[in-house]
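Asker: Sending over coords_10.csv (CSV, C-alpha atoms).
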chain,number,residue,atom,x,y,z
A,30,MET,CA,0.0,0.0,0.0
A,31,THR,CA,1.2,3.5,-0.7
A,32,ILE,CA,-0.1,6.9,0.1
A,33,VAL,CA,-2.2,8.4,-2.7
A,34,VAL,CA,-1.1,11.8,-3.9
A,35,ASN,CA,-2.7,15.0,-5.1
A,36,GLY,CA,-4.7,14.3,-8.2
A,37,ALA,CA,-6.3,11.1,-6.9
A,38,PRO,CA,-10.1,11.5,-6.9
A,39,VAL,CA,-10.5,10.0,-3.4
A,40,LEU,CA,-8.7,13.0,-2.0
A,41,ARG,CA,-11.3,15.4,-3.3
A,42,ALA,CA,-14.4,13.4,-2.3
A,43,ILE,CA,-16.3,13.7,0.9
A,44,ALA,CA,-15.5,10.5,2.8
A,45,ARG,CA,-18.3,8.1,3.9
A,46,GLU,CA,-19.3,7.7,7.5
A,47,VAL,CA,-18.3,4.4,9.1
A,48,PRO,CA,-21.6,2.5,9.7
A,49,LYS,CA,-22.3,1.0,13.1
A,50,SER,CA,-22.1,-2.5,11.6
A,51,MET,CA,-18.4,-2.0,10.8
A,52,PHE,CA,-17.4,-1.2,14.4
A,53,LYS,CA,-15.5,-4.1,16.1
A,54,SER,CA,-15.2,-5.8,12.7
A,55,PRO,CA,-12.0,-7.5,11.4
A,56,GLU,CA,-12.4,-5.2,8.3
A,57,LEU,CA,-12.1,-2.0,10.5
A,58,LYS,CA,-9.3,-3.5,12.5
A,59,ALA,CA,-7.4,-4.3,9.4
A,60,LEU,CA,-8.0,-0.8,7.9
A,61,LEU,CA,-6.7,0.9,11.1
A,62,ALA,CA,-3.7,-1.4,11.1
A,63,ARG,CA,-3.0,-0.4,7.5
A,64,MET,CA,-3.3,3.2,8.3
A,65,SER,CA,-0.9,3.0,11.2
A,66,ASP,CA,1.6,0.9,9.2
A,67,GLU,CA,1.6,3.4,6.4
A,68,LEU,CA,1.9,6.3,8.8
A,69,ARG,CA,4.8,4.6,10.6
A,70,ASN,CA,6.6,4.1,7.3
A,71,THR,CA,6.8,7.8,6.7
A,72,GLU,CA,9.7,10.0,7.7
A,73,LEU,CA,7.8,12.9,9.3
A,74,GLY,CA,4.1,11.9,9.3
A,75,VAL,CA,2.2,12.5,12.5
A,76,ALA,CA,-1.3,11.7,11.2
A,77,ILE,CA,-3.1,10.1,8.3
A,78,ALA,CA,-6.7,10.1,7.0
A,79,ALA,CA,-8.3,7.0,5.3
A,80,PRO,CA,-8.6,8.7,1.9
A,81,GLN,CA,-4.8,9.0,1.9
A,82,ILE,CA,-4.6,5.2,1.5
A,83,ASP,CA,-7.4,5.2,-1.1
A,84,GLU,CA,-10.2,4.4,1.4
A,85,SER,CA,-13.2,6.8,1.5
A,86,TRP,CA,-14.0,6.4,5.2
A,87,ARG,CA,-14.3,9.2,7.8
A,88,ILE,CA,-11.3,8.0,9.8
A,89,PHE,CA,-8.0,9.5,10.8
A,90,VAL,CA,-5.1,8.1,12.9
A,91,VAL,CA,-2.7,10.1,15.0
A,92,ARG,CA,0.7,8.8,16.1
A,93,GLY,CA,0.6,7.9,19.7
A,94,PHE,CA,3.7,9.8,20.7
A,95,VAL,CA,2.1,13.0,19.3
A,96,MET,CA,-1.1,12.3,21.3
A,97,ARG,CA,1.0,11.9,24.5
A,98,ASP,CA,3.4,14.8,23.6
A,99,LYS,CA,6.4,12.6,23.9
A,100,GLN,CA,9.5,11.7,21.9
A,101,ARG,CA,8.9,9.5,18.8
A,102,SER,CA,8.6,5.9,20.0
A,103,PRO,CA,7.4,2.7,18.2
A,104,GLU,CA,5.8,1.5,21.5
A,105,ASP,CA,3.2,4.3,21.7
A,106,GLU,CA,-0.1,3.1,20.3
A,107,ASP,CA,-1.6,5.2,17.6
A,108,VAL,CA,-5.1,6.7,18.2
A,109,ALA,CA,-7.9,6.3,15.7
A,110,PHE,CA,-10.7,8.9,15.3
A,111,ILE,CA,-13.7,7.3,13.6
A,112,ASN,CA,-16.5,9.6,12.3
A,113,PRO,CA,-14.8,12.6,13.9
A,114,ILE,CA,-16.7,15.9,14.3
A,115,LEU,CA,-15.0,19.1,15.1
A,116,LEU,CA,-17.0,20.3,18.1
A,117,ARG,CA,-15.1,23.6,18.8
A,118,ALA,CA,-12.3,25.5,17.4
A,119,SER,CA,-10.9,28.7,18.9
A,120,LYS,CA,-11.6,31.9,17.0
A,121,LYS,CA,-8.0,32.8,17.7
A,122,LYS,CA,-5.8,31.6,14.9
A,123,VAL,CA,-2.1,31.4,14.3
A,124,ALA,CA,0.0,31.1,11.2
A,125,PHE,CA,1.6,27.6,11.1
A,126,ASP,CA,4.7,27.8,8.9
A,127,GLY,CA,5.8,24.6,7.3
A,128,GLU,CA,2.5,22.7,7.1
A,129,GLY,CA,2.8,19.8,4.7
A,130,CYS,CA,0.9,16.7,3.8
A,131,LEU,CA,1.8,13.1,3.0
A,132,SER,CA,-0.5,13.4,-0.1
A,133,VAL,CA,1.2,16.5,-1.4
A,134,PRO,CA,4.9,15.4,-1.1
A,135,ASP,CA,7.6,17.9,-0.9
A,136,VAL,CA,5.3,21.0,-0.7
A,137,TRP,CA,4.8,23.1,2.4
A,138,GLY,CA,3.3,26.4,3.2
A,139,THR,CA,1.7,28.6,5.8
A,140,THR,CA,-1.8,27.9,7.0
A,141,GLN,CA,-4.0,29.8,9.5
A,142,ARG,CA,-5.3,27.3,12.1
A,143,SER,CA,-7.1,27.7,15.3
A,144,THR,CA,-4.9,27.5,18.4
A,145,LYS,CA,-7.4,25.1,20.2
A,146,ALA,CA,-9.8,22.5,18.9
A,147,VAL,CA,-12.0,19.8,20.3
A,148,VAL,CA,-13.1,16.7,18.4
A,149,ARG,CA,-15.7,14.0,19.2
A,150,ALA,CA,-15.2,10.7,17.6
A,151,HIS,CA,-15.6,6.9,18.1
A,152,ASP,CA,-13.0,4.3,18.8
A,153,MET,CA,-12.8,1.0,17.1
A,154,THR,CA,-15.5,-0.5,19.4
A,155,GLY,CA,-17.9,2.4,18.6
A,156,LYS,CA,-17.4,4.1,22.0
A,157,LYS,CA,-17.6,7.9,21.8
A,158,PHE,CA,-14.8,10.0,23.1
A,159,GLU,CA,-13.7,13.7,23.0
A,160,ARG,CA,-10.2,15.0,22.7
A,161,GLY,CA,-9.1,18.6,22.8
A,162,GLY,CA,-5.8,19.9,21.8
A,163,THR,CA,-3.7,23.0,21.3
A,164,GLY,CA,-1.0,24.0,18.9
A,165,LEU,CA,0.1,21.0,16.8
A,166,MET,CA,-2.9,18.8,18.0
A,167,ALA,CA,-5.4,21.5,17.0
A,168,GLN,CA,-3.6,21.8,13.6
A,169,ILE,CA,-3.7,18.0,13.1
A,170,PHE,CA,-7.4,17.8,14.0
A,171,LYS,CA,-8.3,20.5,11.4
A,172,HIS,CA,-5.9,19.2,8.7
A,173,GLU,CA,-7.2,15.6,9.0
A,174,ILE,CA,-10.9,16.6,9.1
A,175,ASP,CA,-10.3,18.7,6.0
A,176,HIS,CA,-9.0,15.5,4.3
A,177,LEU,CA,-12.3,13.8,5.1
A,178,ASN,CA,-14.1,16.7,3.4
A,179,GLY,CA,-12.0,16.6,0.3
A,180,ILE,CA,-9.9,19.6,1.2
A,181,LEU,CA,-6.1,19.7,1.0
A,182,PHE,CA,-3.9,22.2,2.8
A,183,ILE,CA,-2.7,23.6,-0.5
A,184,ASP,CA,-6.3,24.9,-1.1
A,185,HIS,CA,-5.8,27.6,1.5
A,186,ALA,CA,-2.1,27.7,2.3
A,187,THR,CA,0.0,30.7,1.4
A,188,ASP,CA,3.7,31.1,0.7
A,189,LEU,CA,3.9,27.6,-0.9
A,190,HIS,CA,7.4,26.2,-1.3
A,191,THR,CA,8.8,23.0,-2.7
A,192,ARG,CA,10.7,21.1,0.0
A,193,THR,CA,14.3,20.4,-0.6
A,194,LYS,CA,16.5,17.9,1.2
A,195,ALA,CA,17.9,20.7,3.4
A,196,ASP,CA,14.3,21.5,4.4
A,197,ARG,CA,13.5,17.9,5.2
A,198,ASP,CA,16.7,17.6,7.4
A,199,ARG,CA,15.8,20.8,9.2
A,200,GLU,CA,12.2,19.7,9.9
A,201,ALA,CA,13.5,16.3,11.2
A,202,ARG,CA,15.8,18.1,13.7
A,203,LYS,CA,12.8,20.4,14.7
A,204,GLN,CA,10.6,17.4,15.3
A,205,ASP,CA,13.3,15.7,17.4
A,206,ASP,CA,13.7,18.9,19.4
A,207,LEU,CA,10.0,19.1,20.1
A,208,HIS,CA,9.9,15.6,21.5
A,209,GLU,CA,13.0,15.6,23.6
Here is a file; write its structure as structure tokens.
Answerer:
Amino acid sequence: MTIVVNGAPVLRAIAREVPKSMFKSPELKALLARMSDELRNTELGVAIAAPQIDESWRIFVVRGFVMRDKQRSPEDEDVAFINPILLRASKKKVAFDGEGCLSVPDVWGTTQRSTKAVVRAHDMTGKKFERGGTGLMAQIFKHEIDHLNGILFIDHATDLHTRTKADRDREARKQDDLHE
């Protein structure tokens, strides 16, 4: 499996809601595992939406270490957000420089994102939960929900740049510094 890139129709479609009958199913478990595997095989990825692996479902997965605000670790279990709804987002926004996307490789830009956000979703068993976040977490919530609505960050980002190897190296060091 590989991550689909800009131009794939699935990235511009509104993803389907996961039906109740799919919760707890081997099919959903396998899909979540594929999403986590694909995400863990990326260099800098911190979250992935189902459309990015060519599956039109309202699901996104966030790396466990990001959810726990820790250093990158393979032991941290990733967190799935199934049928997520953005409950609240702060009116206060900040410019996030260097936002990128696994489906728009080697492109980054500046986005205006809320500084705080709260999402309600279901886990794999169908149990509802809410999760709030600030900074990077708020950015991730909005970015991934945008994916589920057929929106890519390049649709609203400014100051778009093509990422060079030097940029990738600098971002990797920045990520490491954030999680030390």
Asker: Kindly indicate which residue among A:Arg63, A:Lys171, A:Arg97, A:Arg69 lies nearest to Ile114 of chain A, using only C-alpha atoms for the distances.
Answerer: A:Lys171
Asker: By how many Å are atom CA of Asp184 of chain A and atom CA of Asp135 of chain A apart?
Answerer: 15.6 Å
Asker: What's around Lys145 of chain A at 12 Å? Count only C-alpha atoms, leave out sequence neighbours fewer than 4 positions away in its own chain, and write the answer as a PyMOL selection string.
Answerer: chain A and resi 115-123+160-171
Asker: Could you list, as a compact mmCIF listing (two decimals) with C-alpha atoms, in the coordinates of the input, every residue within 12 Å of Phe158 of chain A, counting all atoms listed in the file and ignoring same-chain residues fewer than 6 positions away?
Answerer:
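Written out: part-v8.txt:
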# COMPACT_ATOMS: atom_id res chain seq x y z
CA VAL A 108 -5.10 6.70 18.20
CA ALA A 109 -7.90 6.30 15.70
CA PHE A 110 -10.70 8.90 15.30
CA ILE A 111 -13.70 7.30 13.60
CA ASN A 112 -16.50 9.60 12.30
CA PRO A 113 -14.80 12.60 13.90
CA ILE A 114 -16.70 15.90 14.30
CA LEU A 116 -17.00 20.30 18.10
CA VAL A 147 -12.00 19.80 20.30
CA VAL A 148 -13.10 16.70 18.40
CA ARG A 149 -15.70 14.00 19.20
CA ALA A 150 -15.20 10.70 17.60
CA HIS A 151 -15.60 6.90 18.10
CA ASP A 152 -13.00 4.30 18.80
Asker: Report as number ranges by chain all protein, DNA and RNA residues lying within 10 Å of Val33 of chain A, evaluated on all atoms listed in the file, omitting residues in the same chain fewer than 3 positions from it.
Answerer: A: 30, 36-40, 80-84, 131-133
Asker: Report as a ChimeraX atom specification all protein, DNA and RNA residues lying within 6 Å of Leu189 of chain A, evaluated on only C-alpha atoms, omitting residues in the same chain fewer than 2 positions from it.
Answerer: /A:137-138,187
Asker: Output C-alpha atoms for every residue in the selection just made, as an mmCIF file, in the frame of the given file.
Answerer:
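again_24.cif written:
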data_model
loop_
_atom_site.group_PDB
_atom_site.id
_atom_site.type_symbol
_atom_site.label_atom_id
_atom_site.label_comp_id
_atom_site.auth_asym_id
_atom_site.auth_seq_id
_atom_site.Cartn_x
_atom_site.Cartn_y
_atom_site.Cartn_z
ATOM 1 C CA TRP A 137 4.800 23.100 2.400
ATOM 2 C CA GLY A 138 3.300 26.400 3.200
ATOM 3 C CA THR A 187 0.000 30.700 1.400
#
Asker: What would segment 33-52 of chain A look like with N, CA, C and O atoms in place, written as an mmCIF file, in the frame of the given file?
Answerer:
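The resulting part_6.cif:
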data_model
loop_
_atom_site.group_PDB
_atom_site.id
_atom_site.type_symbol
_atom_site.label_atom_id
_atom_site.label_comp_id
_atom_site.auth_asym_id
_atom_site.auth_seq_id
_atom_site.Cartn_x
_atom_site.Cartn_y
_atom_site.Cartn_z
ATOM 1 N N VAL A 33 -1.756 7.792 -1.437
ATOM 2 C CA VAL A 33 -2.200 8.400 -2.700
ATOM 3 C C VAL A 33 -1.823 9.901 -2.646
ATOM 4 O O VAL A 33 -1.788 10.513 -1.578
ATOM 5 N N VAL A 34 -1.542 10.455 -3.804
ATOM 6 C CA VAL A 34 -1.100 11.800 -3.900
ATOM 7 C C VAL A 34 -2.105 12.715 -4.611
ATOM 8 O O VAL A 34 -3.014 12.217 -5.288
ATOM 9 N N ASN A 35 -1.893 14.019 -4.456
ATOM 10 C CA ASN A 35 -2.700 15.000 -5.100
ATOM 11 C C ASN A 35 -3.028 14.644 -6.524
ATOM 12 O O ASN A 35 -2.111 14.314 -7.265
ATOM 13 N N GLY A 36 -4.279 14.689 -6.890
ATOM 14 C CA GLY A 36 -4.700 14.300 -8.200
ATOM 15 C C GLY A 36 -5.600 13.047 -8.148
ATOM 16 O O GLY A 36 -6.417 12.814 -9.036
ATOM 17 N N ALA A 37 -5.471 12.263 -7.083
ATOM 18 C CA ALA A 37 -6.300 11.100 -6.900
ATOM 19 C C ALA A 37 -7.728 11.547 -6.519
ATOM 20 O O ALA A 37 -7.886 12.341 -5.586
ATOM 21 N N PRO A 38 -8.770 11.079 -7.213
ATOM 22 C CA PRO A 38 -10.100 11.500 -6.900
ATOM 23 C C PRO A 38 -10.581 11.331 -5.483
ATOM 24 O O PRO A 38 -11.325 12.150 -4.946
ATOM 25 N N VAL A 39 -10.108 10.288 -4.820
ATOM 26 C CA VAL A 39 -10.500 10.000 -3.400
ATOM 27 C C VAL A 39 -10.144 11.164 -2.507
ATOM 28 O O VAL A 39 -10.824 11.397 -1.499
ATOM 29 N N LEU A 40 -9.098 11.899 -2.825
ATOM 30 C CA LEU A 40 -8.700 13.000 -2.000
ATOM 31 C C LEU A 40 -9.589 14.218 -2.076
ATOM 32 O O LEU A 40 -9.554 15.099 -1.211
ATOM 33 N N ARG A 41 -10.405 14.279 -3.111
ATOM 34 C CA ARG A 41 -11.300 15.400 -3.300
ATOM 35 C C ARG A 41 -12.764 15.063 -3.031
ATOM 36 O O ARG A 41 -13.650 15.903 -3.142
ATOM 37 N N ALA A 42 -13.004 13.841 -2.613
ATOM 38 C CA ALA A 42 -14.400 13.400 -2.300
ATOM 39 C C ALA A 42 -14.654 13.552 -0.820
ATOM 40 O O ALA A 42 -13.734 13.523 0.004
ATOM 41 N N ILE A 43 -15.911 13.707 -0.473
ATOM 42 C CA ILE A 43 -16.300 13.700 0.900
ATOM 43 C C ILE A 43 -16.379 12.231 1.352
ATOM 44 O O ILE A 43 -17.096 11.431 0.740
ATOM 45 N N ALA A 44 -15.615 11.879 2.366
ATOM 46 C CA ALA A 44 -15.500 10.500 2.800
ATOM 47 C C ALA A 44 -16.832 10.033 3.454
ATOM 48 O O ALA A 44 -17.569 10.821 4.052
ATOM 49 N N ARG A 45 -17.088 8.734 3.342
ATOM 50 C CA ARG A 45 -18.300 8.100 3.900
ATOM 51 C C ARG A 45 -18.169 7.884 5.379
ATOM 52 O O ARG A 45 -17.091 7.529 5.870
ATOM 53 N N GLU A 46 -19.271 8.023 6.078
ATOM 54 C CA GLU A 46 -19.300 7.700 7.500
ATOM 55 C C GLU A 46 -19.182 6.209 7.706
ATOM 56 O O GLU A 46 -19.731 5.423 6.938
ATOM 57 N N VAL A 47 -18.459 5.820 8.734
ATOM 58 C CA VAL A 47 -18.300 4.400 9.100
ATOM 59 C C VAL A 47 -19.632 3.943 9.709
ATOM 60 O O VAL A 47 -20.058 4.515 10.717
ATOM 61 N N PRO A 48 -20.290 2.915 9.149
ATOM 62 C CA PRO A 48 -21.600 2.500 9.700
ATOM 63 C C PRO A 48 -21.352 1.689 11.024
ATOM 64 O O PRO A 48 -20.288 1.101 11.247
ATOM 65 N N LYS A 49 -22.365 1.689 11.855
ATOM 66 C CA LYS A 49 -22.300 1.000 13.100
ATOM 67 C C LYS A 49 -21.914 -0.479 12.959
ATOM 68 O O LYS A 49 -21.199 -1.054 13.772
ATOM 69 N N SER A 50 -22.380 -1.083 11.884
ATOM 70 C CA SER A 50 -22.100 -2.500 11.600
ATOM 71 C C SER A 50 -20.627 -2.793 11.432
ATOM 72 O O SER A 50 -20.187 -3.937 11.571
ATOM 73 N N MET A 51 -19.862 -1.770 11.123
ATOM 74 C CA MET A 51 -18.400 -2.000 10.800
ATOM 75 C C MET A 51 -17.581 -1.917 12.122
ATOM 76 O O MET A 51 -16.455 -2.422 12.134
ATOM 77 N N PHE A 52 -18.114 -1.304 13.190
ATOM 78 C CA PHE A 52 -17.400 -1.200 14.400
ATOM 79 C C PHE A 52 -17.088 -2.636 14.955
ATOM 80 O O PHE A 52 -17.910 -3.532 14.809
#
